[in-house]
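Below is the file final-v5.cif, which contains mmCIF, C-alpha atoms.
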data_coords
loop_
_atom_site.group_PDB
_atom_site.id
_atom_site.type_symbol
_atom_site.label_atom_id
_atom_site.label_comp_id
_atom_site.auth_asym_id
_atom_site.auth_seq_id
_atom_site.Cartn_x
_atom_site.Cartn_y
_atom_site.Cartn_z
ATOM 1 C CA MET A 183 118.653 90.836 124.087
ATOM 2 C CA PRO A 184 122.009 89.016 123.920
ATOM 3 C CA LYS A 185 124.313 89.006 126.918
ATOM 4 C CA LEU A 186 127.099 91.552 126.904
ATOM 5 C CA SER A 187 130.442 90.143 125.844
ATOM 6 C CA VAL A 188 133.292 90.851 128.258
ATOM 7 C CA ILE A 189 136.499 91.192 126.242
ATOM 8 C CA SER A 190 140.167 91.419 127.247
ATOM 9 C CA PRO A 191 142.557 93.998 125.767
ATOM 10 C CA ALA A 192 144.088 91.243 123.633
ATOM 11 C CA GLY A 193 140.605 90.223 122.515
ATOM 12 C CA TYR A 194 139.864 93.820 121.573
ATOM 13 C CA ARG A 195 143.047 94.064 119.522
ATOM 14 C CA ALA A 196 142.078 90.853 117.725
ATOM 15 C CA LEU A 197 138.565 92.199 117.117
ATOM 16 C CA LEU A 198 140.041 95.226 115.348
ATOM 17 C CA SER A 199 141.082 92.958 112.484
ATOM 18 C CA SER A 200 137.389 92.444 111.680
ATOM 19 C CA SER A 201 136.754 96.179 111.227
ATOM 20 C CA ARG A 202 135.292 97.101 107.844
ATOM 21 C CA PRO A 203 133.767 100.346 106.506
ATOM 22 C CA THR A 204 130.318 98.775 106.852
ATOM 23 C CA SER A 205 131.010 97.226 110.276
ATOM 24 C CA ARG A 206 133.596 99.250 112.145
ATOM 25 C CA VAL A 207 135.088 98.486 115.553
ATOM 26 C CA ILE A 208 134.643 101.644 117.633
ATOM 27 C CA PRO A 209 135.873 102.056 121.214
ATOM 28 C CA VAL A 210 133.498 104.005 123.438
ATOM 29 C CA ASP A 211 134.834 105.857 126.487
ATOM 30 C CA ALA A 212 132.089 105.941 129.146
ATOM 31 C CA THR A 213 134.125 107.346 132.032
ATOM 32 C CA TRP A 214 131.901 108.914 134.700
ATOM 33 C CA TYR A 215 132.558 109.993 138.271
ATOM 34 C CA MET A 216 130.516 110.352 141.429
ATOM 35 C CA PRO A 217 129.263 113.893 142.157
ATOM 36 C CA ASN A 218 131.699 114.261 145.062
ATOM 37 C CA SER A 219 134.709 113.602 142.794
ATOM 38 C CA PRO A 220 136.803 116.485 141.382
ATOM 39 C CA LEU A 221 137.381 114.490 138.188
ATOM 40 C CA ASN A 222 135.379 114.886 134.979
ATOM 41 C CA GLY A 223 134.986 112.024 132.520
ATOM 42 C CA LYS A 224 134.388 114.098 129.401
ATOM 43 C CA GLY A 225 137.248 116.438 130.257
ATOM 44 C CA ARG A 226 139.632 113.535 130.603
ATOM 45 C CA PHE A 227 138.441 112.100 127.280
ATOM 46 C CA LEU A 228 139.142 115.383 125.511
ATOM 47 C CA GLN A 229 142.525 116.058 127.117
ATOM 48 C CA GLU A 230 144.112 112.697 127.975
ATOM 49 C CA ASN A 231 145.104 109.439 126.298
ATOM 50 C CA ARG A 232 142.264 107.380 124.845
ATOM 51 C CA LEU A 233 141.794 104.342 122.648
ATOM 52 C CA PRO A 234 142.337 105.320 118.999
ATOM 53 C CA GLU A 235 139.175 106.465 117.172
ATOM 54 C CA ALA A 236 137.142 106.489 120.392
ATOM 55 C CA ALA A 237 133.834 108.260 120.955
ATOM 56 C CA TYR A 238 132.649 109.552 124.332
ATOM 57 C CA PHE A 239 129.356 108.285 125.797
ATOM 58 C CA ASP A 240 128.138 110.839 128.341
ATOM 59 C CA LEU A 241 125.930 109.068 130.892
ATOM 60 C CA ASP A 242 124.553 112.372 132.166
ATOM 61 C CA ALA A 243 123.770 113.816 128.721
ATOM 62 C CA ILE A 244 122.363 110.660 127.102
ATOM 63 C CA ALA A 245 119.722 110.426 129.809
ATOM 64 C CA LEU A 246 116.231 111.569 130.727
ATOM 65 C CA GLN A 247 116.544 115.340 130.890
ATOM 66 C CA GLY A 248 114.882 117.308 133.674
ATOM 67 C CA SER A 249 114.619 114.332 136.026
ATOM 68 C CA LYS A 250 115.517 114.845 139.689
ATOM 69 C CA TYR A 251 117.179 111.421 139.552
ATOM 70 C CA PRO A 252 120.567 111.307 137.772
ATOM 71 C CA HIS A 253 121.201 109.654 134.387
ATOM 72 C CA MET A 254 117.880 107.823 134.128
ATOM 73 C CA LEU A 255 117.426 105.981 130.831
ATOM 74 C CA PRO A 256 116.704 108.414 127.990
ATOM 75 C CA PRO A 257 113.703 108.332 125.661
ATOM 76 C CA LEU A 258 114.365 106.419 122.454
ATOM 77 C CA ASP A 259 114.483 109.491 120.220
ATOM 78 C CA LEU A 260 117.129 111.182 122.394
ATOM 79 C CA PHE A 261 119.223 108.016 122.393
ATOM 80 C CA ASN A 262 119.034 107.755 118.595
ATOM 81 C CA ARG A 263 119.938 111.422 118.105
ATOM 82 C CA SER A 264 122.872 111.074 120.489
ATOM 83 C CA LEU A 265 124.307 108.035 118.714
ATOM 84 C CA THR A 266 123.880 109.769 115.352
ATOM 85 C CA LYS A 267 125.808 112.767 116.699
ATOM 86 C CA LEU A 268 128.592 110.457 117.895
ATOM 87 C CA GLY A 269 128.991 109.091 114.369
ATOM 88 C CA ILE A 270 127.986 105.548 115.324
ATOM 89 C CA SER A 271 126.146 103.169 112.975
ATOM 90 C CA THR A 272 123.902 100.280 113.979
ATOM 91 C CA THR A 273 126.324 97.841 112.323
ATOM 92 C CA ASP A 274 129.363 99.010 114.305
ATOM 93 C CA LYS A 275 130.965 96.815 116.940
ATOM 94 C CA LEU A 276 131.221 98.919 120.101
ATOM 95 C CA VAL A 277 133.881 98.264 122.743
ATOM 96 C CA VAL A 278 132.987 100.182 125.906
ATOM 97 C CA TYR A 279 135.535 101.116 128.567
ATOM 98 C CA ASP A 280 136.131 103.553 131.417
ATOM 99 C CA ARG A 281 139.296 104.898 133.034
ATOM 100 C CA ASP A 282 138.517 103.441 136.464
ATOM 101 C CA GLY A 283 138.697 99.864 135.198
ATOM 102 C CA ILE A 284 135.201 98.510 135.705
ATOM 103 C CA PHE A 285 132.971 101.259 137.069
ATOM 104 C CA SER A 286 130.715 103.225 134.705
ATOM 105 C CA SER A 287 131.383 101.286 131.496
ATOM 106 C CA PRO A 288 128.999 98.386 132.320
ATOM 107 C CA ARG A 289 126.118 100.864 132.639
ATOM 108 C CA ALA A 290 126.898 102.455 129.270
ATOM 109 C CA ALA A 291 127.325 99.063 127.599
ATOM 110 C CA TRP A 292 124.001 97.888 129.042
ATOM 111 C CA ASN A 293 122.295 101.085 127.847
ATOM 112 C CA LEU A 294 123.584 100.485 124.330
ATOM 113 C CA SER A 295 122.444 96.878 124.370
ATOM 114 C CA LEU A 296 119.045 97.701 125.892
ATOM 115 C CA PHE A 297 118.416 100.195 123.106
ATOM 116 C CA GLY A 298 118.991 97.484 120.540
ATOM 117 C CA HIS A 299 122.632 97.753 119.506
ATOM 118 C CA LYS A 300 123.559 94.240 118.413
ATOM 119 C CA GLN A 301 127.323 94.075 118.962
ATOM 120 C CA VAL A 302 128.413 95.518 122.298
ATOM 121 C CA TYR A 303 131.588 94.499 124.129
ATOM 122 C CA LEU A 304 132.830 95.511 127.571
ATOM 123 C CA LEU A 305 136.598 95.999 127.846
ATOM 124 C CA ASP A 306 138.087 94.346 130.947
ATOM 125 C CA ASN A 307 139.814 96.765 131.320
ATOM 126 C CA PHE A 308 141.485 100.066 130.333
ATOM 127 C CA ALA A 309 144.294 99.878 132.917
ATOM 128 C CA LYS A 310 145.191 96.432 131.631
ATOM 129 C CA TYR A 311 145.184 97.826 128.086
ATOM 130 C CA LEU A 312 147.632 100.542 129.179
ATOM 131 C CA LYS A 313 149.972 97.992 130.757
ATOM 132 C CA SER A 314 149.953 95.982 127.530
ATOM 133 C CA GLU A 315 151.460 98.987 125.728
ATOM 134 C CA TYR A 316 148.951 98.825 122.892
ATOM 135 C CA PRO A 317 148.463 101.976 120.763
ATOM 136 C CA LEU A 318 146.870 105.089 122.252
ATOM 137 C CA ASP A 319 145.612 108.356 120.817
ATOM 138 C CA THR A 320 147.475 111.080 122.703
ATOM 139 C CA ARG A 321 146.062 114.133 120.906
ATOM 140 C CA ALA A 322 143.786 116.631 122.610
ATOM 141 C CA VAL A 323 140.432 116.673 120.800
ATOM 142 C CA VAL A 324 137.577 119.168 120.716
ATOM 143 C CA SER A 325 134.621 116.820 120.257
ATOM 144 C CA GLU A 326 133.275 113.665 121.862
ATOM 145 C CA THR A 327 132.458 112.190 118.436
ATOM 146 C CA THR A 328 134.503 109.403 116.935
ATOM 147 C CA THR A 329 137.321 110.504 114.644
ATOM 148 C CA ASN A 330 136.859 107.373 112.544
ATOM 149 C CA THR A 331 135.824 108.682 109.125
ATOM 150 C CA GLU A 332 135.633 105.428 107.166
ATOM 151 C CA ALA A 333 131.852 105.747 107.007
ATOM 152 C CA THR A 334 129.285 108.491 107.450
ATOM 153 C CA PRO A 335 126.358 106.828 109.166
ATOM 154 C CA ASP A 336 122.735 107.552 108.453
ATOM 155 C CA ALA A 337 120.491 108.582 111.326
ATOM 156 C CA TYR A 338 120.902 105.967 114.063
ATOM 157 C CA SER A 339 117.859 103.764 114.695
ATOM 158 C CA SER A 340 118.331 100.208 115.943
ATOM 159 C CA ILE A 341 115.068 99.274 117.689
ATOM 160 C CA SER A 342 111.358 99.975 117.321
ATOM 161 C CA GLU A 343 109.286 101.624 120.042
ATOM 162 C CA SER A 344 107.434 98.353 120.688
ATOM 163 C CA ASP A 345 110.608 96.261 120.878
ATOM 164 C CA PHE A 346 112.197 98.775 123.220
ATOM 165 C CA ALA A 347 109.105 98.754 125.445
ATOM 166 C CA GLU A 348 109.360 94.961 125.652
ATOM 167 C CA ALA A 349 113.095 95.054 126.452
ATOM 168 C CA TYR A 350 112.525 97.776 129.043
ATOM 169 C CA LYS A 351 109.793 95.807 130.798
ATOM 170 C CA SER A 352 111.950 92.685 131.044
ATOM 171 C CA GLN A 353 115.161 94.406 132.175
ATOM 172 C CA VAL A 354 114.105 97.459 134.166
ATOM 173 C CA ILE A 355 111.945 97.890 137.248
ATOM 174 C CA GLU A 356 110.401 101.198 138.268
ATOM 175 C CA PHE A 357 109.637 102.593 141.706
ATOM 176 C CA GLU A 358 105.896 101.916 141.682
ATOM 177 C CA GLU A 359 106.267 98.232 140.875
ATOM 178 C CA LEU A 360 109.093 97.793 143.368
ATOM 179 C CA LEU A 361 107.082 99.469 146.134
ATOM 180 C CA ASP A 362 104.135 97.159 145.419
ATOM 181 C CA LEU A 363 106.470 94.156 145.666
ATOM 182 C CA VAL A 364 107.786 95.363 149.021
ATOM 183 C CA LYS A 365 104.293 95.997 150.410
ATOM 184 C CA SER A 366 102.977 92.608 149.281
ATOM 185 C CA GLY A 367 106.012 90.650 150.474
ATOM 186 C CA GLN A 368 106.662 89.429 146.941
ATOM 187 C CA LEU A 369 110.051 91.122 146.770
ATOM 188 C CA GLU A 370 111.286 88.719 149.437
ATOM 189 C CA SER A 371 109.473 85.651 148.095
ATOM 190 C CA ASP A 372 109.906 86.116 144.339
ATOM 191 C CA TYR A 373 113.218 87.970 143.979
ATOM 192 C CA ILE A 374 116.754 88.207 145.226
ATOM 193 C CA THR A 375 117.621 91.905 145.430
ATOM 194 C CA PHE A 376 121.293 92.909 145.398
ATOM 195 C CA ASP A 377 122.438 96.394 146.409
ATOM 196 C CA ALA A 378 125.843 97.313 144.928
ATOM 197 C CA ARG A 379 126.620 100.237 147.261
ATOM 198 C CA SER A 380 129.157 99.950 150.068
ATOM 199 C CA ASN A 381 127.981 98.008 153.097
ATOM 200 C CA ASP A 382 128.235 101.111 155.292
ATOM 201 C CA ARG A 383 125.829 103.007 153.043
ATOM 202 C CA PHE A 384 123.573 99.936 152.952
ATOM 203 C CA THR A 385 123.389 99.700 156.754
ATOM 204 C CA GLY A 386 123.102 103.452 157.230
ATOM 205 C CA ALA A 387 126.458 103.737 159.005
ATOM 206 C CA ALA A 388 127.886 106.014 156.287
ATOM 207 C CA PRO A 389 126.207 108.968 154.557
ATOM 208 C CA GLU A 390 125.202 109.023 150.920
ATOM 209 C CA PRO A 391 127.424 111.125 148.617
ATOM 210 C CA ARG A 392 124.401 113.280 147.736
ATOM 211 C CA PRO A 393 123.718 115.810 150.516
ATOM 212 C CA GLY A 394 120.470 115.334 152.417
ATOM 213 C CA LEU A 395 119.825 111.825 151.155
ATOM 214 C CA PRO A 396 119.411 109.242 153.942
ATOM 215 C CA SER A 397 121.364 106.003 153.725
ATOM 216 C CA GLY A 398 119.919 102.571 154.473
ATOM 217 C CA HIS A 399 118.370 99.887 152.282
ATOM 218 C CA ILE A 400 115.206 98.422 150.798
ATOM 219 C CA PRO A 401 113.548 95.697 152.919
ATOM 220 C CA SER A 402 114.815 92.148 152.144
ATOM 221 C CA SER A 403 117.610 93.430 149.878
ATOM 222 C CA LEU A 404 121.128 92.019 150.234
ATOM 223 C CA SER A 405 124.383 93.965 150.398
ATOM 224 C CA LEU A 406 126.691 93.005 147.525
ATOM 225 C CA PRO A 407 129.203 95.844 147.074
ATOM 226 C CA PHE A 408 130.355 95.840 143.456
ATOM 227 C CA THR A 409 133.980 95.984 144.622
ATOM 228 C CA LYS A 410 133.681 92.403 145.906
ATOM 229 C CA LEU A 411 133.174 91.228 142.318
ATOM 230 C CA LEU A 412 136.425 92.790 141.103
ATOM 231 C CA ASN A 413 140.097 91.970 141.508
ATOM 232 C CA GLU A 414 142.624 94.456 142.884
ATOM 233 C CA ASP A 415 143.336 95.636 139.332
ATOM 234 C CA LYS A 416 139.581 96.249 138.884
ATOM 235 C CA THR A 417 139.068 93.453 136.400
ATOM 236 C CA PHE A 418 136.214 91.015 136.943
ATOM 237 C CA LYS A 419 136.832 88.057 139.191
ATOM 238 C CA SER A 420 136.467 84.634 137.597
ATOM 239 C CA ALA A 421 133.157 82.793 137.386
ATOM 240 C CA GLU A 422 134.430 80.349 140.011
ATOM 241 C CA GLU A 423 135.333 83.150 142.435
ATOM 242 C CA ILE A 424 131.986 84.900 141.984
ATOM 243 C CA SER A 425 130.097 81.648 142.448
ATOM 244 C CA GLN A 426 132.023 80.923 145.646
ATOM 245 C CA LEU A 427 131.383 84.448 146.927
ATOM 246 C CA LEU A 428 127.630 84.059 146.498
ATOM 247 C CA LYS A 429 127.680 80.729 148.300
ATOM 248 C CA GLU A 430 129.801 82.003 151.197
ATOM 249 C CA ASP A 431 128.049 85.348 151.698
ATOM 250 C CA PHE A 432 124.446 84.419 150.957
ATOM 251 C CA GLY A 433 124.242 80.630 150.702
ATOM 252 C CA LEU A 434 123.104 81.015 147.092
ATOM 253 C CA ASP A 435 123.841 78.832 144.103
ATOM 254 C CA LEU A 436 122.635 80.525 140.925
ATOM 255 C CA LYS A 437 122.701 77.188 139.118
ATOM 256 C CA SER A 438 120.463 75.545 141.736
ATOM 257 C CA LYS A 439 116.779 75.112 140.901
ATOM 258 C CA ALA A 440 116.097 74.996 144.628
ATOM 259 C CA ASP A 441 117.636 78.438 145.181
ATOM 260 C CA PHE A 442 116.335 79.818 141.898
ATOM 261 C CA PRO A 443 113.183 78.156 140.588
ATOM 262 C CA LYS A 444 112.178 79.400 137.138
ATOM 263 C CA GLU A 445 109.714 81.936 138.548
ATOM 264 C CA LYS A 446 112.342 83.673 140.696
ATOM 265 C CA GLY A 447 114.289 86.684 139.450
ATOM 266 C CA ILE A 448 117.026 89.098 140.472
ATOM 267 C CA ILE A 449 116.830 92.864 140.966
ATOM 268 C CA VAL A 450 119.974 95.004 141.169
ATOM 269 C CA LEU A 451 120.337 98.562 142.416
ATOM 270 C CA CYS A 452 122.968 100.983 143.726
ATOM 271 C CA GLY A 453 123.036 104.738 144.283
ATOM 272 C CA THR A 454 121.876 105.899 140.853
ATOM 273 C CA GLY A 455 121.824 102.780 138.666
ATOM 274 C CA VAL A 456 125.455 102.821 137.490
ATOM 275 C CA THR A 457 127.361 100.250 139.554
ATOM 276 C CA ALA A 458 124.249 98.063 139.809
ATOM 277 C CA VAL A 459 125.054 96.994 136.263
ATOM 278 C CA ILE A 460 128.453 95.708 137.405
ATOM 279 C CA VAL A 461 126.519 93.155 139.460
ATOM 280 C CA ARG A 462 124.295 92.397 136.483
ATOM 281 C CA VAL A 463 127.253 91.792 134.170
ATOM 282 C CA ALA A 464 129.102 89.725 136.787
ATOM 283 C CA LEU A 465 126.117 87.426 137.252
ATOM 284 C CA GLU A 466 124.991 87.255 133.639
ATOM 285 C CA SER A 467 128.093 87.540 131.444
ATOM 286 C CA VAL A 468 130.892 86.326 133.739
ATOM 287 C CA LEU A 469 129.043 83.716 135.787
ATOM 288 C CA GLY A 470 126.767 82.767 132.893
ATOM 289 C CA SER A 471 123.486 82.879 134.802
ATOM 290 C CA ASP A 472 120.228 82.676 132.834
ATOM 291 C CA ILE A 473 118.144 84.092 135.687
ATOM 292 C CA PRO A 474 116.205 87.210 134.606
ATOM 293 C CA ILE A 475 117.881 90.335 136.010
ATOM 294 C CA ARG A 476 116.170 93.719 136.258
ATOM 295 C CA VAL A 477 117.878 97.014 137.024
ATOM 296 C CA TYR A 478 116.150 99.489 139.328
ATOM 297 C CA ASP A 479 116.964 102.557 137.277
ATOM 298 C CA GLY A 480 116.211 105.166 139.954
ATOM 299 C CA SER A 481 118.018 103.046 142.539
ATOM 300 C CA TRP A 482 118.600 104.315 146.089
ATOM 301 C CA THR A 483 118.499 108.004 145.127
ATOM 302 C CA GLU A 484 114.885 107.627 144.014
ATOM 303 C CA TRP A 485 113.866 105.143 146.719
ATOM 304 C CA ALA A 486 115.181 107.313 149.564
ATOM 305 C CA GLN A 487 113.182 110.302 148.288
ATOM 306 C CA ARG A 488 109.914 108.564 147.414
ATOM 307 C CA SER A 489 109.549 105.575 149.720
ATOM 308 C CA PRO A 490 107.489 105.708 152.926
ATOM 309 C CA PRO A 491 109.910 105.974 155.889
ATOM 310 C CA GLU A 492 109.080 102.470 157.112
ATOM 311 C CA TYR A 493 110.640 101.038 153.940
ATOM 312 C CA ILE A 494 114.026 102.663 154.558
ATOM 313 C CA VAL A 495 115.800 100.053 156.660
ATOM 314 C CA LYS A 496 118.876 100.691 158.818
ATOM 315 C CA GLY A 497 121.290 98.112 160.162
#
I'd like the structure from this file rewritten - as structure tokens, please.
Amino acid sequence: MPKLSVISPAGYRALLSSSRPTSRVIPVDATWYMPNSPLNGKGRFLQENRLPEAAYFDLDAIALQGSKYPHMLPPLDLFNRSLTKLGISTTDKLVVYDRDGIFSSPRAAWNLSLFGHKQVYLLDNFAKYLKSEYPLDTRAVVSETTTNTEATPDAYSSISESDFAEAYKSQVIEFEELLDLVKSGQLESDYITFDARSNDRFTGAAPEPRPGLPSGHIPSSLSLPFTKLLNEDKTFKSAEEISQLLKEDFGLDLKSKADFPKEKGIIVLCGTGVTAVIVRVALESVLGSDIPIRVYDGSWTEWAQRSPPEYIVKG
């Protein structure tokens, strides 16, 4: 799977010139909010300004239905049906953004790429686009589908079941495997595990936003709040700044074979698997690391409910 391409507003505007009926450039609004927020991403898409011809990618709807863990990756057939409904073709270039800058859009972009979409870009970011005074669609709309009618796509299908299973295995880690790694000590010896939640939630000093869920962290994991990877305007920091941050906070050099021999990998998690992907994109696409990175899809919400108590660490 190719690395996600992080693109500036100016880069997005330039990309639009390549749009053709058989290979359209379609912006994808993936705005999502935490459950304790009064805001609603889909509502804002329907009622507020958006990039022209945008579609809305609903992280909660295009997900495993009936799971007690939020927005887990969907089955392949649900993903394909959802993209068909949105009017997206496999040949389209998708530019994913969210209204918070860099928050939920990396997760949506990663989902699209994981499910085999070839050309996925991550806009860095919407606020910067607004300041540039580029065109906006200001109409209220009644559907989350794209209004771009240059082509009527066939049923969406970009990856086979076997290819998806292979991509899933290399990029996702599930609870059972992670628990085995913790019990055996291999999580500490074979992986660097970054937790993208706030440090207070990581240490257990602050509560989780989901009532009744204990805070804390997985043994041997490291606290890397996603906010530390972003500038004040919520754009990504530079590769140099991210590299320096990793050296100062953890003594890690991702380019060093001593710190990262070829058999060592990275695992990222957060509360529910959304902001974990900000860390993934920062390390892989911005910093340019080739180290294998796996996302713990259930993240802390699953771990806190399923793990034995001795593997919920405070402090």
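Closest to Tyr251 (chain A) among A:Ala486, A:Ala237, A:Ile355, A:Leu411 is A:Ala486, based on only C-alpha atoms.
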Problem set entry | Counting all atoms listed in the file, the option among A:Lys429, A:Asp274, A:Ser340, A:His299 closest to Ser200 (chain A) | A:Asp274
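Our summary of the geometry notes that CA of Val188 (chain A) is positioned 6.5 Å from CA of Asp306 (chain A).
Coordinates place CA of Lys496 (chain A) at a distance of 28.5 Å from CA of Pro288 (chain A).
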Problem set entry | Residues near Thr483 (chain A), cut-off 8 Å, all atoms listed in the file, skip fewer than 4 positions along chain, as a PyMOL selection string | chain A and resi 251+395+453-454+487
Exercise. If you apply the PyMOL selection byres ((chain A and resi 471) around 12) to this file, what residues do you get, as a list in words?
Worked result: Lys185, Ala421, Ile424, Ser425, Asp435, Leu436, Lys437, Ser438, Lys439, Phe442, Gly447, Ile448, Val461, Arg462, Val463, Ala464, Leu465, Glu466, Ser467, Val468, Leu469, Gly470, Asp472, Ile473, Pro474 and Ile475 of chain A
Problem set entry | Evaluate the PyMOL selection byres ((chain A and resi 319) around 10) and report residues as a list in words | Glu230, Asn231, Arg232, Leu233, Pro234, Glu235, Ala236, Pro317, Leu318, Thr320, Arg321, Ala322 and Val323 of chain A
For this session: Considering only C-alpha atoms, return as a PyMOL selection string whatever protein or nucleic-acid residues lie within 10 Å of Leu265 (chain A), sequence-local ones (same chain, fewer than 6 positions apart) excluded.
Result: chain A and resi 237+239+244+271-272+294+327+335+337-339
For this session: To verify the selection step, state as a VMD selection string which residues the PyMOL selection byres ((chain A and resi 282) around 9) yields on this input.
Result: chain A and resid 213 to 214 279 to 281 283 to 287 307 to 309 416
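As for CA of Trp482 (chain A) and CA of Ile374 (chain A), they are spaced 16.2 Å apart.
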For this session: With a distance cut-off of 10 Å and all atoms listed in the file, select the neighbouring residues of region 257-262 of chain A, excluding the residue or stretch itself and same-chain residues fewer than 5 positions from it, and output the selection as JSON, numbers by chain.
Result: {"A": [243, 244, 245, 246, 247, 267, 268, 270, 293, 294, 297, 337, 338, 339, 340, 341, 342, 343, 346, 347]}
Go ahead and write the residues just picked, C-alpha atoms, as a PDB file, in the frame of the given file.
ATOM      1  CA  ALA A 243     123.770 113.816 128.721  1.00  0.00           C
ATOM      2  CA  ILE A 244     122.363 110.660 127.102  1.00  0.00           C
ATOM      3  CA  ALA A 245     119.722 110.426 129.809  1.00  0.00           C
ATOM      4  CA  LEU A 246     116.231 111.569 130.727  1.00  0.00           C
ATOM      5  CA  GLN A 247     116.544 115.340 130.890  1.00  0.00           C
ATOM      6  CA  LYS A 267     125.808 112.767 116.699  1.00  0.00           C
ATOM      7  CA  LEU A 268     128.592 110.457 117.895  1.00  0.00           C
ATOM      8  CA  ILE A 270     127.986 105.548 115.324  1.00  0.00           C
ATOM      9  CA  ASN A 293     122.295 101.085 127.847  1.00  0.00           C
ATOM     10  CA  LEU A 294     123.584 100.485 124.330  1.00  0.00           C
ATOM     11  CA  PHE A 297     118.416 100.195 123.106  1.00  0.00           C
ATOM     12  CA  ALA A 337     120.491 108.582 111.326  1.00  0.00           C
ATOM     13  CA  TYR A 338     120.902 105.967 114.063  1.00  0.00           C
ATOM     14  CA  SER A 339     117.859 103.764 114.695  1.00  0.00           C
ATOM     15  CA  SER A 340     118.331 100.208 115.943  1.00  0.00           C
ATOM     16  CA  ILE A 341     115.068  99.274 117.689  1.00  0.00           C
ATOM     17  CA  SER A 342     111.358  99.975 117.321  1.00  0.00           C
ATOM     18  CA  GLU A 343     109.286 101.624 120.042  1.00  0.00           C
ATOM     19  CA  PHE A 346     112.197  98.775 123.220  1.00  0.00           C
ATOM     20  CA  ALA A 347     109.105  98.754 125.445  1.00  0.00           C
TER      21      ALA A 347
END
